[in-house]
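K.L.:
My structure is stored as input-v2.txt, with compact mmCIF, C-alpha atoms.
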```txt
# COMPACT_ATOMS: atom_id res chain seq x y z
CA MET A 22 88.62 69.40 108.23
CA THR A 23 90.07 71.24 105.27
CA THR A 24 87.05 70.35 103.13
CA LEU A 25 84.68 71.67 105.82
CA SER A 26 86.54 74.98 106.19
CA SER A 27 86.68 75.48 102.42
CA GLY A 28 82.94 74.79 102.24
CA PHE A 29 82.25 77.42 104.89
CA ALA A 30 84.48 79.87 103.02
CA ARG A 31 82.61 79.30 99.76
CA ALA A 32 79.26 79.68 101.48
CA ARG A 33 80.42 82.90 103.14
CA ARG A 34 81.62 84.34 99.84
CA TRP A 35 78.33 83.41 98.18
CA LEU A 36 76.26 85.03 100.92
CA ARG A 37 78.46 88.15 100.81
CA ASP A 38 77.91 88.39 97.06
CA HIS A 39 74.14 87.89 97.51
CA PRO A 40 73.12 90.15 100.44
CA LEU A 41 69.38 89.69 99.88
CA ALA A 42 69.72 85.92 100.24
CA PHE A 43 71.77 86.45 103.40
CA ASP A 44 69.12 88.74 104.88
CA ALA A 45 66.37 86.28 104.00
CA THR A 46 68.30 83.48 105.73
CA LEU A 47 68.88 85.73 108.77
CA ALA A 48 65.16 86.61 108.88
CA PHE A 49 64.18 82.94 108.81
CA CYS A 50 66.66 82.06 111.58
CA THR A 51 65.36 84.99 113.65
CA LEU A 52 61.78 83.82 113.19
CA VAL A 53 62.70 80.30 114.32
CA ALA A 54 64.52 81.71 117.38
CA MET A 55 61.57 83.95 118.30
CA ILE A 56 59.05 81.12 118.00
CA CYS A 57 61.27 78.81 120.08
CA GLY A 58 61.61 81.57 122.67
CA SER A 59 57.87 82.06 122.79
CA PHE A 60 57.47 78.42 123.95
CA THR A 61 59.93 78.97 126.81
CA ASP A 62 58.87 80.06 130.27
CA PRO A 63 61.72 81.83 132.10
CA GLY A 64 60.22 80.88 135.46
CA ASP A 65 60.60 82.81 138.67
CA GLY A 66 64.38 83.03 138.50
CA HIS A 67 65.02 80.16 140.93
CA GLY A 68 65.16 77.39 138.31
CA PRO A 69 66.10 76.79 134.68
CA PRO A 70 63.72 77.96 131.93
CA ALA A 71 61.09 75.37 130.97
CA PHE A 72 60.53 74.74 127.27
CA GLY A 73 56.92 73.98 126.29
CA ALA A 74 55.51 75.42 129.47
CA ARG A 75 53.51 77.95 127.45
CA THR A 76 52.12 78.30 123.94
CA PRO A 77 52.25 81.58 121.96
CA GLU A 78 49.02 83.18 120.84
CA LEU A 79 48.20 83.31 117.14
CA PHE A 80 48.46 87.10 117.20
CA SER A 81 51.98 86.85 118.66
CA VAL A 82 52.99 84.43 115.88
CA PHE A 83 51.60 86.93 113.36
CA LEU A 84 53.64 89.78 114.88
CA MET A 85 56.79 87.66 114.94
CA THR A 86 56.30 86.73 111.29
CA LEU A 87 55.81 90.37 110.27
CA ALA A 88 58.90 91.46 112.23
CA ALA A 89 61.05 88.69 110.72
CA ALA A 90 59.80 89.44 107.19
CA ALA A 91 60.70 93.09 107.63
CA LEU A 92 64.35 92.13 108.28
CA VAL A 93 64.70 91.02 104.65
CA LEU A 94 64.82 94.72 103.69
CA ARG A 95 66.99 95.86 106.59
CA ARG A 96 69.91 97.00 104.34
CA ARG A 97 67.75 99.04 101.99
CA ARG A 98 65.63 100.88 104.58
CA PRO A 99 67.39 100.47 107.95
CA MET A 100 65.59 103.31 109.78
CA ARG A 101 62.16 102.28 108.54
CA ILE A 102 62.73 98.62 109.38
CA LEU A 103 63.86 99.63 112.88
CA ALA A 104 60.71 101.69 113.32
CA VAL A 105 58.51 98.81 112.12
CA THR A 106 60.14 96.16 114.31
CA ALA A 107 60.18 98.46 117.36
CA ALA A 108 56.48 99.23 116.85
CA LEU A 109 55.65 95.53 116.55
CA ALA A 110 57.64 94.76 119.72
CA ALA A 111 55.84 97.56 121.60
CA VAL A 112 52.45 96.26 120.44
CA GLU A 113 53.44 92.80 121.69
CA TYR A 114 54.35 94.21 125.11
CA VAL A 115 51.12 96.25 125.33
CA LEU A 116 48.58 93.66 124.11
CA MET A 117 50.01 90.26 124.96
CA ASP A 118 50.84 88.78 128.35
CA PRO A 119 53.10 86.93 128.57
CA SER A 120 54.76 88.59 125.61
CA ALA A 121 56.62 86.78 122.82
CA PRO A 122 60.24 87.83 122.08
CA VAL A 123 59.39 90.03 119.08
CA VAL A 124 62.08 92.39 120.39
CA MET A 125 64.75 90.05 118.92
CA SER A 126 63.98 91.47 115.45
CA THR A 127 64.35 94.98 116.86
CA VAL A 128 67.81 94.12 118.21
CA ILE A 129 68.95 93.05 114.72
CA ALA A 130 67.38 96.12 113.08
CA LEU A 131 69.06 98.42 115.63
CA TYR A 132 72.43 96.76 114.94
CA THR A 133 71.93 97.41 111.22
CA VAL A 134 71.19 101.08 111.80
CA ALA A 135 74.22 101.48 114.08
CA SER A 136 76.54 99.80 111.60
CA ARG A 137 75.41 101.95 108.66
CA THR A 138 75.03 105.45 110.15
CA ASP A 139 77.18 107.88 112.09
CA ARG A 140 77.80 107.70 115.84
CA PRO A 141 75.53 110.57 116.97
CA THR A 142 72.60 109.09 115.04
CA THR A 143 73.36 105.65 116.45
CA TRP A 144 73.22 106.79 120.06
CA ARG A 145 70.17 109.01 119.63
CA VAL A 146 68.18 106.26 117.93
CA GLY A 147 69.63 103.62 120.25
CA LEU A 148 68.70 105.47 123.46
CA LEU A 149 65.22 106.17 122.14
CA THR A 150 64.69 102.50 121.23
CA MET A 151 66.20 101.22 124.49
CA GLY A 152 64.17 103.57 126.64
CA GLY A 153 60.87 103.08 124.78
CA LEU A 154 60.90 99.29 124.69
CA THR A 155 62.18 98.95 128.26
CA ALA A 156 59.47 101.30 129.51
CA ALA A 157 56.82 99.36 127.57
CA ALA A 158 58.03 96.09 129.08
CA MET A 159 58.09 97.52 132.61
CA VAL A 160 54.71 99.26 132.43
CA PHE A 161 52.55 96.76 130.56
CA GLY A 162 54.16 93.45 131.58
CA SER A 163 52.71 91.22 134.29
CA THR A 164 56.11 90.76 135.94
CA PRO A 165 57.54 93.36 138.36
CA TRP A 166 59.24 96.29 136.72
CA TYR A 167 62.59 95.22 138.12
CA SER A 168 62.44 91.70 136.66
CA GLN A 169 65.42 90.43 134.67
CA GLU A 170 63.35 90.14 131.47
CA ASN A 171 62.76 93.90 131.49
CA PHE A 172 66.41 94.73 132.10
CA GLY A 173 67.30 92.13 129.45
CA VAL A 174 65.45 94.26 126.87
CA PHE A 175 67.57 97.25 127.87
CA ALA A 176 70.79 95.22 127.78
CA TRP A 177 70.19 93.59 124.40
CA THR A 178 69.20 96.80 122.64
CA GLY A 179 72.18 98.62 124.16
CA LEU A 180 74.49 95.79 123.09
CA ALA A 181 73.12 96.01 119.53
CA SER A 182 73.88 99.75 119.40
CA ALA A 183 77.43 99.30 120.74
CA ALA A 184 78.19 96.34 118.46
CA GLY A 185 76.90 98.13 115.36
CA ASP A 186 78.91 101.25 116.19
CA ALA A 187 82.06 99.15 116.70
CA VAL A 188 81.58 97.39 113.35
CA ARG A 189 81.03 100.74 111.61
CA SER A 190 84.20 102.17 113.18
CA ARG A 191 86.22 99.14 112.13
CA ARG A 192 84.92 99.36 108.57
CA ALA A 193 85.80 103.05 108.43
CA PHE A 194 89.27 102.30 109.79
CA VAL A 195 89.87 99.54 107.23
CA ASP A 196 88.57 101.74 104.41
CA ALA A 197 90.87 104.56 105.51
CA ILE A 198 93.87 102.23 105.56
CA ARG A 199 92.95 100.86 102.14
CA GLU A 200 92.50 104.37 100.75
CA ARG A 201 95.87 105.46 102.12
CA ALA A 202 97.51 102.38 100.64
CA GLU A 203 95.90 103.02 97.25
CA ARG A 204 96.86 106.69 97.39
CA ALA A 205 100.43 105.78 98.31
CA GLU A 206 100.53 103.29 95.46
CA ARG A 207 99.23 105.91 93.04
CA THR A 208 101.79 108.39 94.35
CA ARG A 209 104.60 105.87 93.88
CA GLU A 210 103.43 105.13 90.36
CA GLU A 211 103.18 108.82 89.51
CA GLU A 212 106.63 109.45 90.98
CA ALA A 213 108.04 106.52 89.01
CA ARG A 214 106.47 107.82 85.80
CA ARG A 215 107.80 111.31 86.50
CA ARG A 216 111.30 110.00 87.10
CA VAL A 217 111.13 107.89 83.95
CA ALA A 218 109.99 110.93 81.94
CA GLU A 219 112.79 113.08 83.37
CA GLU A 220 115.39 110.40 82.68
CA ARG A 221 114.07 109.91 79.15
CA LEU A 222 114.26 113.64 78.51
CA ARG A 223 117.79 113.84 79.90
CA ILE A 224 119.00 110.93 77.79
CA ALA A 225 117.29 112.44 74.74
CA ARG A 226 119.19 115.68 75.34
CA ASP A 227 122.48 113.80 75.65
CA LEU A 228 121.84 111.83 72.48
CA HIS A 229 120.92 114.99 70.62
CA ASP A 230 124.06 116.78 71.78
CA VAL A 231 126.30 113.88 70.83
CA VAL A 232 124.73 113.21 67.43
CA ALA A 233 124.35 116.87 66.42
CA HIS A 234 127.95 117.71 67.29
CA HIS A 235 129.76 114.75 65.80
CA ILE A 236 127.58 114.33 62.71
CA ALA A 237 128.08 118.02 61.90
CA LEU A 238 131.87 117.54 62.13
CA VAL A 239 131.73 114.38 60.04
CA ASN A 240 129.67 116.18 57.42
CA VAL A 241 132.11 119.08 57.23
CA GLN A 242 135.22 116.91 57.05
CA ALA A 243 133.65 114.57 54.52
CA GLY A 244 132.82 117.56 52.33
CA VAL A 245 136.40 118.80 52.58
CA ALA A 246 137.77 115.37 51.68
CA ALA A 247 135.48 115.10 48.66
CA HIS A 248 136.50 118.57 47.49
CA VAL A 249 140.27 118.07 47.66
CA MET A 250 140.49 114.34 46.94
CA ASP A 251 141.89 114.73 43.41
CA LYS A 252 144.16 117.77 43.80
CA ARG A 253 145.40 117.45 47.40
CA PRO A 254 145.20 113.82 48.54
CA ASP A 255 147.26 114.51 51.69
CA GLN A 256 144.71 117.05 52.92
CA ALA A 257 141.92 114.63 52.00
CA LYS A 258 143.56 111.91 54.09
CA GLU A 259 143.81 114.32 57.00
CA ALA A 260 140.10 115.20 56.68
CA LEU A 261 139.18 111.51 56.56
CA ALA A 262 141.26 110.93 59.69
CA HIS A 263 139.22 113.63 61.43
CA VAL A 264 136.07 111.90 60.20
CA ARG A 265 137.29 108.64 61.72
CA ASP A 266 138.12 110.31 65.03
CA ALA A 267 134.79 112.12 65.19
CA SER A 268 132.82 108.96 64.42
CA ARG A 269 134.80 106.96 67.00
CA SER A 270 134.17 109.64 69.62
CA ALA A 271 130.46 109.67 68.73
CA LEU A 272 130.26 105.91 69.11
CA ASN A 273 132.01 106.02 72.48
CA GLU A 274 129.69 108.71 73.85
CA LEU A 275 126.64 106.89 72.49
CA ARG A 276 127.84 103.71 74.20
CA VAL A 277 128.18 105.56 77.50
CA THR A 278 124.75 107.21 77.16
CA VAL A 279 122.93 104.07 76.08
CA GLY A 280 124.72 102.16 78.83
CA LEU A 281 122.68 104.15 81.33
CA LEU A 282 119.64 102.21 80.13
CA ARG A 283 121.08 98.84 81.09
CA GLN A 284 119.28 96.87 83.75
CA GLN A 285 120.99 95.88 86.95
CA GLY A 286 122.90 92.64 86.44
CA ASP A 287 123.63 93.21 82.75
CA PRO A 288 127.05 91.87 81.75
CA GLU A 289 128.51 95.26 80.90
CA ALA A 290 128.15 98.72 82.32
CA PRO A 291 129.55 102.06 81.17
CA THR A 292 133.02 102.60 82.58
CA GLU A 293 134.11 105.74 80.73
CA PRO A 294 133.50 109.05 82.49
CA ALA A 295 130.80 111.34 81.15
CA PRO A 296 132.22 114.33 79.26
CA GLY A 297 132.89 117.50 81.19
CA LEU A 298 135.05 120.60 81.25
CA ALA A 299 138.07 118.41 81.94
CA VAL A 300 137.97 117.37 78.27
CA LEU A 301 136.99 120.77 76.91
CA GLY A 302 140.35 121.01 75.15
CA GLU A 303 139.62 117.88 73.13
CA LEU A 304 136.21 119.27 72.15
CA VAL A 305 137.72 122.56 71.02
CA THR A 306 140.37 120.69 69.03
CA THR A 307 137.69 118.88 67.00
CA PHE A 308 136.15 122.21 66.00
CA ARG A 309 139.51 123.69 65.14
CA ASN A 310 140.22 120.70 62.94
CA ALA A 311 136.88 121.31 61.24
CA GLY A 312 137.99 124.84 60.34
CA LEU A 313 136.39 126.87 63.15
CA PRO A 314 138.90 128.96 65.12
CA VAL A 315 137.97 128.81 68.81
CA GLU A 316 139.54 130.71 71.68
CA VAL A 317 139.03 129.53 75.26
CA ALA A 318 139.30 131.63 78.41
CA CYS A 319 138.90 130.24 81.94
CA ALA A 320 139.14 132.33 85.09
CA ASP A 321 139.94 129.60 87.63
CA ARG A 322 140.02 125.85 88.21
CA ASP A 323 137.43 125.42 90.94
CA ARG A 324 135.71 122.06 91.07
CA LEU A 325 132.10 121.85 89.89
CA PRO A 326 129.41 119.31 90.78
CA ALA A 327 129.08 116.54 88.23
CA ALA A 328 125.68 117.67 86.90
CA VAL A 329 126.81 121.29 86.53
CA ASP A 330 130.07 120.22 84.89
CA LEU A 331 128.24 118.11 82.31
CA ALA A 332 125.67 120.85 81.64
CA ALA A 333 128.41 123.41 81.01
CA TYR A 334 130.17 121.03 78.61
CA ARG A 335 126.94 120.30 76.69
CA VAL A 336 126.08 124.01 76.39
CA ILE A 337 129.51 124.74 74.91
CA GLN A 338 129.29 121.72 72.60
CA GLU A 339 125.85 122.64 71.26
CA ALA A 340 126.68 126.34 70.91
CA LEU A 341 129.88 125.63 68.95
CA THR A 342 128.01 123.11 66.78
CA ASN A 343 125.48 125.79 65.89
CA VAL A 344 128.28 128.25 65.15
CA ARG A 345 129.89 125.75 62.80
CA LYS A 346 126.59 125.03 61.07
CA HIS A 347 125.05 128.50 60.85
CA ALA A 348 127.66 131.23 61.33
CA GLY A 349 129.07 130.99 57.82
CA ALA A 350 132.57 131.03 56.41
CA GLY A 351 135.28 132.93 58.26
CA ALA A 352 133.48 132.86 61.61
CA ARG A 353 135.39 132.73 64.85
CA ALA A 354 134.18 131.67 68.30
CA GLU A 355 135.13 132.55 71.84
CA VAL A 356 134.39 130.40 74.89
CA SER A 357 134.67 131.58 78.47
CA VAL A 358 133.93 129.82 81.74
CA VAL A 359 134.15 131.88 84.93
CA ARG A 360 133.14 131.33 88.53
CA VAL A 361 131.10 134.22 89.97
CA GLY A 362 130.19 133.68 93.59
CA ALA A 363 127.90 130.67 93.87
CA THR A 364 127.42 130.39 90.10
CA ALA A 365 129.43 129.39 87.05
CA GLU A 366 128.90 131.47 83.92
CA VAL A 367 129.43 129.96 80.48
CA THR A 368 129.57 132.27 77.45
CA VAL A 369 129.98 131.36 73.78
CA LEU A 370 130.37 134.24 71.30
CA ASP A 371 130.85 134.28 67.55
CA ASN A 372 131.24 136.94 64.88
CA GLY A 373 129.46 134.85 62.27
CA GLN A 374 128.79 136.52 58.97
CA GLY A 375 125.64 134.44 58.62
CA SER A 376 124.34 135.37 62.06
CA ALA A 377 121.49 137.29 60.49
CA GLY A 378 120.15 134.00 59.28
CA ARG A 379 119.65 132.98 62.90
CA ARG A 380 117.48 135.93 63.77
CA PRO A 381 113.71 135.49 63.80
CA GLY A 382 112.22 135.94 60.35
CA ALA A 383 115.53 136.57 58.57
CA ALA A 384 117.49 134.28 56.33
CA PRO A 385 119.59 136.45 54.03
CA GLY A 386 122.23 134.97 51.86
CA GLY A 387 120.69 131.52 52.00
CA GLY A 388 121.39 131.20 55.73
CA PRO A 389 119.08 128.99 57.75
CA GLY A 390 115.91 130.49 59.09
CA PRO A 391 114.58 130.24 62.60
CA GLY A 392 112.94 126.91 61.99
CA ASP A 393 115.90 125.22 60.34
CA GLY A 394 117.85 122.42 61.89
CA ASP A 395 119.15 123.29 65.31
CA GLY A 396 119.23 127.02 64.85
CA GLN A 397 119.72 129.06 68.00
CA THR A 398 116.47 130.92 67.74
CA GLY A 399 114.57 127.97 69.07
CA GLY A 400 113.25 126.42 65.84
CA GLY A 401 115.12 123.17 66.44
CA HIS A 402 116.02 121.16 69.49
CA GLY A 403 119.45 122.68 70.16
CA LEU A 404 118.49 125.81 72.03
CA VAL A 405 115.50 124.10 73.63
CA GLY A 406 117.74 121.29 74.91
CA MET A 407 120.30 123.75 76.28
CA ARG A 408 117.63 125.76 78.07
CA GLU A 409 116.00 122.64 79.56
CA ARG A 410 119.34 121.35 80.76
CA VAL A 411 120.24 124.67 82.42
CA THR A 412 116.83 125.36 83.98
CA ALA A 413 116.72 121.80 85.35
CA LEU A 414 119.71 122.78 87.50
CA GLY A 415 118.06 126.01 88.62
CA GLY A 416 120.05 128.20 86.24
CA ALA A 417 119.19 130.51 83.35
CA LEU A 418 120.16 130.66 79.70
CA THR A 419 119.92 133.53 77.23
CA ALA A 420 120.71 133.43 73.54
CA GLY A 421 120.41 136.04 70.81
CA PRO A 422 122.17 138.13 68.18
CA ARG A 423 125.02 140.40 69.23
CA TYR A 424 125.16 144.08 68.49
CA GLY A 425 127.26 144.53 65.38
CA GLY A 426 126.85 140.94 64.18
CA GLY A 427 127.32 137.47 65.51
CA PHE A 428 125.52 135.49 68.18
CA ARG A 429 125.83 135.07 71.93
CA VAL A 430 124.90 132.19 74.23
CA HIS A 431 125.14 132.86 77.97
CA ALA A 432 124.35 130.30 80.68
CA ILE A 433 124.35 130.86 84.45
CA LEU A 434 124.66 127.62 86.40
CA PRO A 435 124.37 127.38 90.19
CA VAL A 436 127.29 125.51 91.69
CA GLU A 437 124.90 123.69 94.07
CA ALA A 438 122.63 121.80 91.68
CA ARG A 439 119.08 121.14 92.82
CA THR A 440 118.08 118.42 90.40
CA GLY A 441 118.88 115.50 92.68
CA GLU A 442 120.31 113.56 89.74
CA PRO A 443 122.71 110.81 90.71
CA ASP A 444 126.30 111.22 89.74
CA ARG A 445 127.21 109.50 86.54
CA PRO A 446 129.97 106.98 86.27
CA GLY A 447 133.31 108.63 86.61
CA THR A 448 132.00 112.04 87.65
CA ALA A 449 131.65 111.69 91.39
CA GLY A 450 132.90 114.77 93.14
CA GLY A 451 132.84 116.94 90.03
CA THR A 452 135.71 118.26 87.93
CA GLY A 453 137.74 121.38 87.69
CA LEU A 454 137.10 124.21 85.25
CA CYS A 455 138.87 123.97 81.88
CA ARG A 456 141.79 121.71 82.68
```
Please, can you express the file's structure as structure tokens?
P.N.:
Amino acid sequence: MTTLSSGFARARRWLRDHPLAFDATLAFCTLVAMICGSFTDPGDGHGPPAFGARTPELFSVFLMTLAAAALVLRRRRPMRILAVTAALAAVEYVLMDPSAPVVMSTVIALYTVASRTDRPTTWRVGLLTMGGLTAAAMVFGSTPWYSQENFGVFAWTGLASAAGDAVRSRRAFVDAIRERAERAERTREEEARRRVAEERLRIARDLHDVVAHHIALVNVQAGVAAHVMDKRPDQAKEALAHVRDASRSALNELRVTVGLLRQQGDPEAPTEPAPGLAVLGELVTTFRNAGLPVEVACADRDRLPAAVDLAAYRVIQEALTNVRKHAGAGARAEVSVVRVGATAEVTVLDNGQGSAGRRPGAAPGGGPGPGDGDGQTGGGHGLVGMRERVTALGGALTAGPRYGGGFRVHAILPVEARTGEPDRPGTAGGTGLCR
């Protein structure tokens, strides 16, 4: 039984892949059925049909052969094939009595038209074919007009129209479902790619902030240690201790950031909280140890959402890193975080003597130009990363030289973030300002 069903399935697939062969087979079967029907006498309706009671004329066999041969091309020219078969059936009704069942080919041609055109065309063509052939059978046949053979012509042609229209509707329904499924799949893939791109960009910003900040501190402290190693070994040891602390902090933050890339079920997951304003004091201490005086002013201790809290911390970290790298010797920085209505404002100011080097097109005194490193004029990734991080939350960031010297970074962050980012480990519920 299994072998038989698999054989039918293979034959069906082969015929579906070779439509011309299928149509030729259908035409041959239709010809055999028409010839067998032409040998059958339906009788007077009071007994069963008698096979062999009559013999078809040679002209009828010729018409049946032409009508069956035309069905081979029914997919390529459905309307023309319908017209040909209907004309042959009408000729059979007009010239031959009793008539051969040439109309069987017309039924198949009408089904093809109905299954491959729209509904209005189906019913217009179907009614015309039904009415014309039924009228021909009633008018030119030797049987009474109300005989069952005449109404059979009407019924079979009407059934062909209805069946073809139903098949066409089902195909359209299946195609619509398949199209919606494919469109939904494409939408899911595009959404997944978009989320991956956003997550990659966010992690890249975090890595840049961590590396730029801590490597700058390590570089400064290592330079100090190398400079005073021979004359003041105690100060050199202190600088090296700061180098060790900065590198350890960098490794810890990198471990937390890279831990976000772990797959579910990995043996370890990040457990340390992401940095935020709660540890702003520790961040400021690292800069003070690197020789940059920093003053901090906070207006209140309201709690911030996790994403806003992290963004504020990263803005301050990147801005102070740029001050340390570009503002020159003797520079001082001021950090303020205030809550204004539904927003939190973060401001980082400096009075850097080398601030002119951060203005577009100016690099006096050997200061870095606008395209150097992470300068705050947008040549590097620092300012770009800060602006992307702030705008992703629906905020705004401005940065530029101050009147009278120095540089100013000002970020406005909405307290209600609109990024939809999930809270990071340890930051659920947000943190307070500047603890």
K.L.:
Atom CA of A:Gly162 to atom CA of A:Asp118: how many Å, to one decimal?
P.N.:
6.6 Å
K.L.:
Given the choices A:Leu47, A:Ile337, A:Leu36, A:Ala156, which gets closest to A:Val300 if the distance is worked out from only C-alpha atoms?
P.N.:
A:Ile337
K.L.:
Tell me which protein, DNA and RNA residues are within 10 Å of stretch 189-200 of chain A, counting only C-alpha atoms, leaving out same-chain ones fewer than 4 positions away, and put them as a PDB file with C-alpha atoms, keeping the file's coordinate frame.
P.N.:
```pdb
ATOM      1  CA  THR A 133      71.930  97.410 111.220  1.00  0.00           C
ATOM      2  CA  VAL A 134      71.190 101.080 111.800  1.00  0.00           C
ATOM      3  CA  ALA A 135      74.220 101.480 114.080  1.00  0.00           C
ATOM      4  CA  SER A 136      76.540  99.800 111.600  1.00  0.00           C
ATOM      5  CA  ARG A 137      75.410 101.950 108.660  1.00  0.00           C
ATOM      6  CA  THR A 138      75.030 105.450 110.150  1.00  0.00           C
ATOM      7  CA  ASP A 139      77.180 107.880 112.090  1.00  0.00           C
ATOM      8  CA  ARG A 140      77.800 107.700 115.840  1.00  0.00           C
ATOM      9  CA  ALA A 183      77.430  99.300 120.740  1.00  0.00           C
ATOM     10  CA  ALA A 184      78.190  96.340 118.460  1.00  0.00           C
ATOM     11  CA  GLY A 185      76.900  98.130 115.360  1.00  0.00           C
ATOM     12  CA  ARG A 204      96.860 106.690  97.390  1.00  0.00           C
ATOM     13  CA  ALA A 205     100.430 105.780  98.310  1.00  0.00           C
ATOM     14  CA  GLU A 206     100.530 103.290  95.460  1.00  0.00           C
TER      15      GLU A 206
END
```
K.L.:
Could you tell me how far atom CA of A:Gly312 sits from atom CA of A:Lys346, in Å to one decimal place?
P.N.:
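Separation between atom CA of A:Lys346 and atom CA of A:Gly312: 11.4 Å.
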K.L.:
Within 9 Å of stretch 363-371 of chain A, counting all atoms listed in the file, which residues qualify if same-chain residues fewer than 5 places away don't, as number ranges by chain?
P.N.:
A: 325, 329, 333, 336-337, 340-341, 344, 348, 352-358, 376, 416, 423, 426-437
K.L.:
By how many Å are atom CA of A:Gly406 and atom CA of A:Pro314 apart?
P.N.:
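Spanning atom CA of A:Gly406 to atom CA of A:Pro314 is a straight-line distance of 24.5 Å.
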K.L.:
Give the answer as one residue: which of A:Thr86, A:Val53, A:Val146, A:Gly351 has the shortest atom-to-atom distance to A:Arg101, using all atoms listed in the file?
P.N.:
A:Val146
K.L.:
Could you make a table, as a Markdown table, of the residues of stretch 296-354 of chain A that have an atom within 12 Å of an atom of stretch 216-226 of chain A, each with its nearest atom pair and distance in Å to one decimal, counting all atoms listed in the file, in chain and number order?
P.N.:
```
| residue | atom | partner | partner_atom | distance |
| --- | --- | --- | --- | --- |
| A:Ala328 | CA | A:Arg223 | CA | 11.2 |
| A:Leu331 | CA | A:Arg223 | CA | 11.5 |
| A:Ala332 | CA | A:Arg226 | CA | 10.4 |
| A:Arg335 | CA | A:Arg226 | CA | 9.1 |
| A:Val336 | CA | A:Arg226 | CA | 10.9 |
| A:Glu339 | CA | A:Arg226 | CA | 10.5 |
```
K.L.:
Using all atoms listed in the file for the distances, tell me which of A:Ser268, A:Asn240, A:Thr164, A:Thr127 is nearest to A:Ser182.
P.N.:
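The answer is A:Thr127, which sits nearest to A:Ser182.
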K.L.:
Can you pull out every residue within 8 Å of stretch 54-58 of chain A, counting all atoms listed in the file, but drop anything in the same chain fewer than 5 positions away, and send it as a list in words?
P.N.:
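Surrounding residues, per the criterion: Pro77, Val82, Met85, Ala121, Pro122, Val123 and Met125 of chain A.
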K.L.:
Kindly provide, as lines of an AutoDock Vina configuration file, the centre and edge lengths (Å, one decimal) of an axis-aligned box around all atoms of stretch 340-352 of chain A given in the file, with 8 Å on each side.
P.N.:
```
center_x = 130.2
center_y = 128.0
center_z = 63.7
size_x = 26.2
size_y = 25.8
size_z = 30.5
```
K.L.:
Which neighbours of stretch 104-110 of chain A fall inside 8 Å, counting only C-alpha atoms, when residues of the same chain fewer than 6 positions from it are skipped, and could you give them as a VMD selection string?
P.N.:
chain A and resid 84 88 91 122 to 124 126 to 127 130 150 154
